[in-house]
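Each remark here refers to the structure printed beneath this line.
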Amino acid sequence: MRSFLFCAYVILSLTAKAQNTDKIIMGTIDSVYSNILHENRKIWVHMPDTTSPDGIFYPQRYPVVYLLDGDAAHVASVASMLDQLGGGGGNTMFPQMILVGIPNTYRSRDLTPSHFTNTLSLDSMSAAQTGGGENFISFIEKELMPHIDSSYPTAPYRVLIGHSFGGLMAIHILINHTNLFNAYIAIDPSMWWDNQKLLKQVNTVLQQKNFQGRSLYLAMANTMDKGMDTVTVKTDTNFNSLHIRSIMQLGHYLNANRQNGLAINWKYYPDYGHDAVALYAEHDGLPSIFKFYNYSIPFGEFFNPTYKGDTLLAAHYKAVSRQMGYTISPPEQLVSALAHELCDLKQFDRAYYFLKMNIESYSKSFNAYETMGDFYVAKGDKQVAREFYSKALALMYLPRIKEKLDKLK
């Protein structure tokens, strides 16, 4: 795998980690040769900040966001949101996630589901290439996703983000390849494409198909002519309003078919046009998709010895696991910090509850056993402390753990 460091100098405000250099490192440029598309496809990969002191905490696996039209600036802006709202500054509106940006080679070919040349929005060469969407989907499913899953620490949850033609493709995949992604964000999708061919299919499929476990955030920009509003535009017949009228019709179909299990949320952005809406919709769409994820510990009450909500954290992550379809444990670092503070406060029974939670969730983490050893030292039980230090040392030989063990002999 060829991979090169690249710098996000395009957006200096990106909250990325400096790596002992004068450059801001944002991720890697990777590539996959596609036998389906007969071309080499570059991809931009941004990993969450996985650093921990001395590698204390057990390595995690992460959901993956696939971003269509994934050029440098687009990847940088979405990566910044993922970092800030997925753990940065204590924000946990959604999990830490890997971002895979897919830059374009032939955009009109890959992001259109049908061949259509009768359009005013494309030049003749681009129009002639249209309709390669199914091959592009095959590339994603059979070549790109296996490469990402084998090269990066992925979890079995995927989000697709697409804008304009990318939004059209997101709706096409949702309707025709439903299980390829768990969640979809379609931003001002070009549902007018090919005389609304996909839009007409959507109406039928939404009535017949089961979308349980899938979710969609749909964003609609203000592309109306001056003097129009969302009421008057519905009766307009000009081509200029076909784009927004088609999205409004899509929203109507979605609302009328709530019985199919698809979790939907859609929003109109009256202050933003077609090009400007993407950043705002992504900022809103990701928390909407993961509205079940965030959990705020009431720290003002938590360390009071009379607090009775210790089980709420584990219960929350069990609910999150049901939503996402795989087991997600409470974060080891958070649980460890809670246990240490409770231990310092001499609330040993509560501290033990959280330390045991970490061992059960992260059975291969030396830190989970080392902190349990510290707990028993604080309680004065040297024999049990030795047992846990020995288990920690077997998982990871560190001089400090050896010193702790030796002091107890």
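In the structure tokens, the first chain shown is A, the next is B, and so on; residue numbers restart at 1 for each chain, and ligands run from 1 in the order shown.
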
Neighbours of Tyr369 (chain A) within 12 Å (only C-alpha atoms; same-chain residues fewer than 2 positions away dropped), as an NGL selection string? :A and (56-58 or 332 or 336 or 352 or 355-367 or 371-376 or 384-396 or 401)

Please tabulate, as JSON lines, the residues of region 255-352 of chain A that come within 12 Å of region 70-84 of chain A, each with its closest pair of atoms and the distance in Å to one decimal, counting only C-alpha atoms and ordering rows by chain, then residue number upward.
{"residue": "A:Asp275", "atom": "CA", "partner": "A:His74", "partner_atom": "CA", "distance": 11.9}
{"residue": "A:Ala276", "atom": "CA", "partner": "A:His74", "partner_atom": "CA", "distance": 12.0}
{"residue": "A:Ala278", "atom": "CA", "partner": "A:His74", "partner_atom": "CA", "distance": 9.3}
{"residue": "A:Leu279", "atom": "CA", "partner": "A:Ser77", "partner_atom": "CA", "distance": 7.5}
{"residue": "A:Tyr280", "atom": "CA", "partner": "A:Val78", "partner_atom": "CA", "distance": 10.4}
{"residue": "A:Ala281", "atom": "CA", "partner": "A:Val78", "partner_atom": "CA", "distance": 10.8}
{"residue": "A:Glu282", "atom": "CA", "partner": "A:Val78", "partner_atom": "CA", "distance": 7.4}
{"residue": "A:His283", "atom": "CA", "partner": "A:Met81", "partner_atom": "CA", "distance": 6.9}
{"residue": "A:Asp284", "atom": "CA", "partner": "A:Met81", "partner_atom": "CA", "distance": 10.3}
{"residue": "A:Gly285", "atom": "CA", "partner": "A:Met81", "partner_atom": "CA", "distance": 11.2}
{"residue": "A:Leu286", "atom": "CA", "partner": "A:Leu82", "partner_atom": "CA", "distance": 8.7}
{"residue": "A:Pro287", "atom": "CA", "partner": "A:Leu82", "partner_atom": "CA", "distance": 10.1}

Writing out the chosen residues with N, CA and C atoms as a compact mmCIF listing (two decimals), in the first residue's frame:
# COMPACT_ATOMS: atom_id res chain seq x y z
N ASP A 275 -24.35 25.31 -3.25
CA ASP A 275 -22.94 25.04 -2.94
C ASP A 275 -22.61 25.28 -1.47
N ALA A 276 -23.23 26.28 -0.86
CA ALA A 276 -22.89 26.65 0.51
C ALA A 276 -23.48 25.71 1.55
N ALA A 278 -23.53 22.49 2.02
CA ALA A 278 -22.92 21.21 2.38
C ALA A 278 -22.32 21.22 3.79
N LEU A 279 -21.52 22.22 4.09
CA LEU A 279 -20.84 22.27 5.39
C LEU A 279 -21.83 22.32 6.54
N TYR A 280 -22.87 23.13 6.38
CA TYR A 280 -23.88 23.26 7.45
C TYR A 280 -24.69 21.98 7.61
N ALA A 281 -25.00 21.34 6.49
CA ALA A 281 -25.78 20.10 6.55
C ALA A 281 -24.98 18.97 7.17
N GLU A 282 -23.69 18.91 6.87
CA GLU A 282 -22.85 17.88 7.49
C GLU A 282 -22.74 18.10 8.99
N HIS A 283 -22.64 19.37 9.40
CA HIS A 283 -22.57 19.69 10.83
C HIS A 283 -23.84 19.28 11.55
N ASP A 284 -24.99 19.42 10.88
CA ASP A 284 -26.26 19.02 11.48
C ASP A 284 -26.55 17.54 11.31
N GLY A 285 -26.14 17.00 10.17
CA GLY A 285 -26.52 15.63 9.82
C GLY A 285 -25.86 14.57 10.66
N LEU A 286 -24.59 14.74 10.97
CA LEU A 286 -23.89 13.72 11.75
C LEU A 286 -24.47 13.58 13.16
N PRO A 287 -24.70 14.68 13.90
CA PRO A 287 -25.36 14.52 15.21
C PRO A 287 -26.78 13.97 15.08

From the list A:Gln347, A:Ser246, A:Lys382, A:Tyr326, which residue is nearest Thr306 (chain A) when using only C-alpha atoms?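 Using only C-alpha atoms, Thr306 (chain A) sits closest to A:Gln347.
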
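You can rank A:Ser241, A:Asn182, A:Gln249, A:Gln196 by their closest distance to Met324 (chain A) using only C-alpha atoms, and at the top of that list sits A:Asn182.
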
If you run DSSP over the backbone, which residues in region 299-340 of chain A end up alpha helix (DSSP H)? Put them as a CSV table (one decimal) with N, CA and C atoms, in the first residue's frame.
chain,number,residue,atom,x,y,z
A,299,PHE,N,-21.4,15.3,36.5
A,299,PHE,CA,-20.2,15.3,37.4
A,299,PHE,C,-20.5,16.0,38.8
A,300,GLY,N,-21.4,17.0,38.7
A,300,GLY,CA,-21.7,17.7,39.9
A,300,GLY,C,-22.4,16.8,41.0
A,301,GLU,N,-23.0,15.7,40.6
A,301,GLU,CA,-23.7,14.7,41.5
A,301,GLU,C,-22.9,13.4,41.6
A,302,PHE,N,-22.1,13.1,40.5
A,302,PHE,CA,-21.6,11.8,40.4
A,302,PHE,C,-20.7,11.4,41.6
A,311,THR,N,-25.0,2.5,37.3
A,311,THR,CA,-25.3,1.5,36.2
A,311,THR,C,-25.8,2.2,34.9
A,312,LEU,N,-26.0,3.5,35.0
A,312,LEU,CA,-26.6,4.2,33.8
A,312,LEU,C,-25.6,4.3,32.7
A,313,LEU,N,-24.3,4.3,33.0
A,313,LEU,CA,-23.3,4.4,31.9
A,313,LEU,C,-23.3,3.1,31.1
A,314,ALA,N,-23.2,2.0,31.8
A,314,ALA,CA,-23.2,0.7,31.1
A,314,ALA,C,-24.5,0.5,30.3
A,315,ALA,N,-25.7,0.9,30.9
A,315,ALA,CA,-27.0,0.8,30.3
A,315,ALA,C,-27.0,1.6,29.0
A,316,HIS,N,-26.4,2.8,29.0
A,316,HIS,CA,-26.4,3.6,27.9
A,316,HIS,C,-25.6,3.0,26.7
A,317,TYR,N,-24.5,2.4,27.0
A,317,TYR,CA,-23.7,1.8,25.9
A,317,TYR,C,-24.3,0.5,25.4
A,318,LYS,N,-25.1,-0.1,26.2
A,318,LYS,CA,-25.9,-1.3,25.7
A,318,LYS,C,-26.9,-0.8,24.7
A,319,ALA,N,-27.6,0.3,25.0
A,319,ALA,CA,-28.6,0.9,24.1
A,319,ALA,C,-27.9,1.3,22.8
A,320,VAL,N,-26.7,1.9,22.9
A,320,VAL,CA,-25.9,2.4,21.7
A,320,VAL,C,-25.6,1.1,20.9
A,321,SER,N,-25.2,0.1,21.6
A,321,SER,CA,-24.8,-1.1,20.9
A,321,SER,C,-26.0,-1.7,20.0
A,322,ARG,N,-27.2,-1.7,20.6
A,322,ARG,CA,-28.3,-2.1,19.9
A,322,ARG,C,-28.6,-1.3,18.7
A,323,GLN,N,-28.4,0.0,18.8
A,323,GLN,CA,-28.6,0.9,17.7
A,323,GLN,C,-27.6,0.7,16.6
A,324,MET,N,-26.4,0.4,16.9
A,324,MET,CA,-25.3,0.4,15.9
A,324,MET,C,-25.0,-1.0,15.5
A,332,GLU,N,-12.7,3.0,27.9
A,332,GLU,CA,-11.8,2.6,29.0
A,332,GLU,C,-11.2,3.8,29.7
A,333,GLN,N,-10.8,4.8,29.0
A,333,GLN,CA,-10.1,5.9,29.6
A,333,GLN,C,-11.1,6.6,30.6
A,334,LEU,N,-12.3,6.8,30.2
A,334,LEU,CA,-13.3,7.5,31.0
A,334,LEU,C,-13.6,6.7,32.3
A,335,VAL,N,-13.8,5.4,32.1
A,335,VAL,CA,-14.1,4.5,33.2
A,335,VAL,C,-12.9,4.4,34.2
A,336,SER,N,-11.7,4.4,33.7
A,336,SER,CA,-10.5,4.3,34.5
A,336,SER,C,-10.4,5.6,35.3
A,337,ALA,N,-10.7,6.8,34.7
A,337,ALA,CA,-10.6,8.1,35.4
A,337,ALA,C,-11.6,8.1,36.5
A,338,LEU,N,-12.8,7.7,36.2
A,338,LEU,CA,-13.9,7.7,37.3
A,338,LEU,C,-13.5,6.8,38.5
A,339,ALA,N,-12.9,5.6,38.1
A,339,ALA,CA,-12.6,4.7,39.2
A,339,ALA,C,-11.4,5.3,40.1
A,340,HIS,N,-10.4,5.9,39.4
A,340,HIS,CA,-9.3,6.5,40.2
A,340,HIS,C,-9.8,7.6,41.1

Which residues come within 10 Å of region 170-174 of chain A, counting only C-alpha atoms, excluding same-chain residues fewer than 6 positions away, as a ChimeraX atom specification? /A:68,111-113,133-134,137,160-164,180-187,189-191,198-199,201-202,211,214-216,218,250

Requested write-out: C-alpha atoms of the selected residues, as a CSV table (one decimal), in the first residue's frame:
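And here's part_22.csv as it stands now:
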chain,number,residue,atom,x,y,z
A,68,LEU,CA,-18.2,11.5,-1.9
A,111,LEU,CA,-22.2,9.8,-9.4
A,112,THR,CA,-25.1,9.3,-11.8
A,113,PRO,CA,-27.2,6.1,-11.7
A,133,GLY,CA,-23.0,4.7,-10.9
A,134,GLU,CA,-23.5,0.9,-10.6
A,137,ILE,CA,-20.9,1.2,-6.3
A,160,LEU,CA,-22.2,7.7,3.5
A,161,ILE,CA,-22.2,11.5,2.8
A,162,GLY,CA,-23.0,12.9,-0.6
A,163,HIS,CA,-23.9,16.4,-2.0
A,164,SER,CA,-25.6,17.2,-5.3
A,180,LEU,CA,-24.2,-1.2,2.1
A,181,PHE,CA,-24.3,1.6,4.6
A,182,ASN,CA,-26.0,2.0,8.0
A,183,ALA,CA,-26.6,5.7,7.6
A,184,TYR,CA,-26.9,8.2,4.8
A,185,ILE,CA,-26.6,11.9,4.6
A,186,ALA,CA,-27.9,13.3,1.3
A,187,ILE,CA,-27.3,17.0,0.8
A,189,PRO,CA,-29.5,15.7,-4.0
A,190,SER,CA,-30.0,16.1,-7.8
A,191,MET,CA,-33.3,14.2,-7.8
A,198,LEU,CA,-34.8,7.7,-9.4
A,199,LEU,CA,-37.4,9.8,-7.7
A,201,GLN,CA,-38.5,4.6,-8.1
A,202,VAL,CA,-38.1,5.9,-4.6
A,211,PHE,CA,-35.4,-0.2,6.0
A,214,ARG,CA,-31.0,2.4,8.4
A,215,SER,CA,-31.2,6.1,8.8
A,216,LEU,CA,-31.2,9.1,6.5
A,218,LEU,CA,-31.8,14.9,4.0
A,250,LEU,CA,-38.6,13.2,-2.1

Neighbours of region 155-157 of chain A within 6 Å (only C-alpha atoms; same-chain residues fewer than 6 positions away dropped), as number ranges by chain? A: 61-63

Keeping only N, CA and C atoms, write the selected residues to a file as a PDB file, in the first residue's frame.
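The new file part_0.pdb reads:
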ATOM      1  N   ARG A  61     -11.628   0.129  17.672  1.00  0.00           N
ATOM      2  CA  ARG A  61     -12.030   0.055  16.271  1.00  0.00           C
ATOM      3  C   ARG A  61     -13.106   1.114  16.057  1.00  0.00           C
ATOM      4  N   TYR A  62     -13.174   1.666  14.844  1.00  0.00           N
ATOM      5  CA  TYR A  62     -13.976   2.859  14.628  1.00  0.00           C
ATOM      6  C   TYR A  62     -14.933   2.711  13.442  1.00  0.00           C
ATOM      7  N   PRO A  63     -16.149   3.272  13.572  1.00  0.00           N
ATOM      8  CA  PRO A  63     -17.026   3.379  12.400  1.00  0.00           C
ATOM      9  C   PRO A  63     -16.342   4.197  11.306  1.00  0.00           C
TER      10      PRO A  63
END

Just the residues within 9 Å of region 118-123 of chain A, please, counting only C-alpha atoms, with nothing from its chain fewer than 5 positions along; format it as a list of chain:residue names.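 The contact residues come out as A:Ser108, A:Ala128, A:Trp193, A:Asp194.
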
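You can rank A:Leu408, A:Val45, A:Leu144, A:Ile36 by their closest distance to Asp381 (chain A) using only C-alpha atoms, and at the top of that list sits A:Leu408.
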
Residue neighbourhood Met228 (chain A), 12 Å, only C-alpha atoms, exclusion window fewer than 4 positions, as a PDB file with N, CA and C atoms, in the first residue's frame:
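And here is the file that came out, around.pdb:
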ATOM      1  N   ASN A 222     -31.765  26.409  -0.502  1.00  0.00           N
ATOM      2  CA  ASN A 222     -32.667  27.367  -1.129  1.00  0.00           C
ATOM      3  C   ASN A 222     -32.163  27.662  -2.538  1.00  0.00           C
ATOM      4  N   THR A 223     -32.749  27.024  -3.520  1.00  0.00           N
ATOM      5  CA  THR A 223     -32.363  27.241  -4.918  1.00  0.00           C
ATOM      6  C   THR A 223     -33.496  27.876  -5.714  1.00  0.00           C
ATOM      7  N   MET A 224     -34.427  28.498  -5.029  1.00  0.00           N
ATOM      8  CA  MET A 224     -35.568  29.117  -5.692  1.00  0.00           C
ATOM      9  C   MET A 224     -35.215  30.484  -6.264  1.00  0.00           C
ATOM     10  N   THR A 232     -45.251  28.564  -2.981  1.00  0.00           N
ATOM     11  CA  THR A 232     -45.493  28.909  -4.383  1.00  0.00           C
ATOM     12  C   THR A 232     -44.655  28.080  -5.350  1.00  0.00           C
ATOM     13  N   VAL A 233     -43.463  27.632  -4.896  1.00  0.00           N
ATOM     14  CA  VAL A 233     -42.604  26.881  -5.809  1.00  0.00           C
ATOM     15  C   VAL A 233     -43.205  25.530  -6.195  1.00  0.00           C
ATOM     16  N   LYS A 234     -44.088  25.007  -5.355  1.00  0.00           N
ATOM     17  CA  LYS A 234     -44.671  23.693  -5.620  1.00  0.00           C
ATOM     18  C   LYS A 234     -45.502  23.676  -6.898  1.00  0.00           C
ATOM     19  N   THR A 235     -46.062  24.822  -7.267  1.00  0.00           N
ATOM     20  CA  THR A 235     -46.900  24.881  -8.469  1.00  0.00           C
ATOM     21  C   THR A 235     -46.154  25.443  -9.666  1.00  0.00           C
ATOM     22  N   ASP A 236     -44.874  25.748  -9.488  1.00  0.00           N
ATOM     23  CA  ASP A 236     -44.074  26.272 -10.592  1.00  0.00           C
ATOM     24  C   ASP A 236     -43.758  25.146 -11.574  1.00  0.00           C
ATOM     25  N   ASN A 240     -35.943  25.822 -13.825  1.00  0.00           N
ATOM     26  CA  ASN A 240     -35.096  26.369 -12.757  1.00  0.00           C
ATOM     27  C   ASN A 240     -35.498  25.870 -11.375  1.00  0.00           C
ATOM     28  N   SER A 241     -36.778  25.578 -11.193  1.00  0.00           N
ATOM     29  CA  SER A 241     -37.245  25.136  -9.878  1.00  0.00           C
ATOM     30  C   SER A 241     -37.370  23.616  -9.777  1.00  0.00           C
ATOM     31  N   ILE A 244     -35.327  21.907  -6.669  1.00  0.00           N
ATOM     32  CA  ILE A 244     -35.889  21.970  -5.314  1.00  0.00           C
ATOM     33  C   ILE A 244     -37.236  21.275  -5.247  1.00  0.00           C
ATOM     34  N   ARG A 245     -38.029  21.352  -6.319  1.00  0.00           N
ATOM     35  CA  ARG A 245     -39.322  20.664  -6.311  1.00  0.00           C
ATOM     36  C   ARG A 245     -39.137  19.147  -6.201  1.00  0.00           C
ATOM     37  N   PRO A 270     -32.993  27.763   4.451  1.00  0.00           N
ATOM     38  CA  PRO A 270     -33.419  28.909   3.637  1.00  0.00           C
ATOM     39  C   PRO A 270     -32.321  29.931   3.371  1.00  0.00           C
TER      40      PRO A 270
END

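Between CA of Pro48 (chain A) and CA of Ile98 (chain A) there is a distance of 6.2 Å.
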
Between CA of Ser126 (chain A) and CA of Arg107 (chain A), distance in Å (one decimal): 8.2 Å

Contact residues around Ala221 (chain A) with only C-alpha atoms at 7 Å, ignoring same-chain residues under 3 positions, as a PyMOL selection string: chain A and resi 188+268-270+272-274+277

Could you take the residues named above and write them with C-alpha atoms, as a PDB file, in the first residue's frame?
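Produced file out.pdb, reproduced below:
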ATOM      1  CA  ASP A 188     -29.395  18.828  -1.804  1.00  0.00           C
ATOM      2  CA  TYR A 268     -34.631  23.041   4.720  1.00  0.00           C
ATOM      3  CA  TYR A 269     -31.829  25.645   4.805  1.00  0.00           C
ATOM      4  CA  PRO A 270     -33.419  28.909   3.637  1.00  0.00           C
ATOM      5  CA  TYR A 272     -27.903  28.767   2.008  1.00  0.00           C
ATOM      6  CA  GLY A 273     -27.682  27.963  -1.674  1.00  0.00           C
ATOM      7  CA  HIS A 274     -26.713  24.723  -3.355  1.00  0.00           C
ATOM      8  CA  VAL A 277     -25.252  24.216   2.213  1.00  0.00           C
TER       9      VAL A 277
END

Between CA of Phe292 (chain A) and CA of Asn304 (chain A) lies a distance of 26.8 Å

Mind listing the strand (DSSP E or B) residues of region 48-219 of chain A, per DSSP on the backbone, as a ChimeraX atom specification? /A:62-68,86,92,98-102,154-163,183-187,215-219

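If only C-alpha atoms are the atoms counted, then among A:Lys267, A:Val32, A:Gly213, A:Gly325 the closest residue to Trp44 (chain A) is A:Val32.
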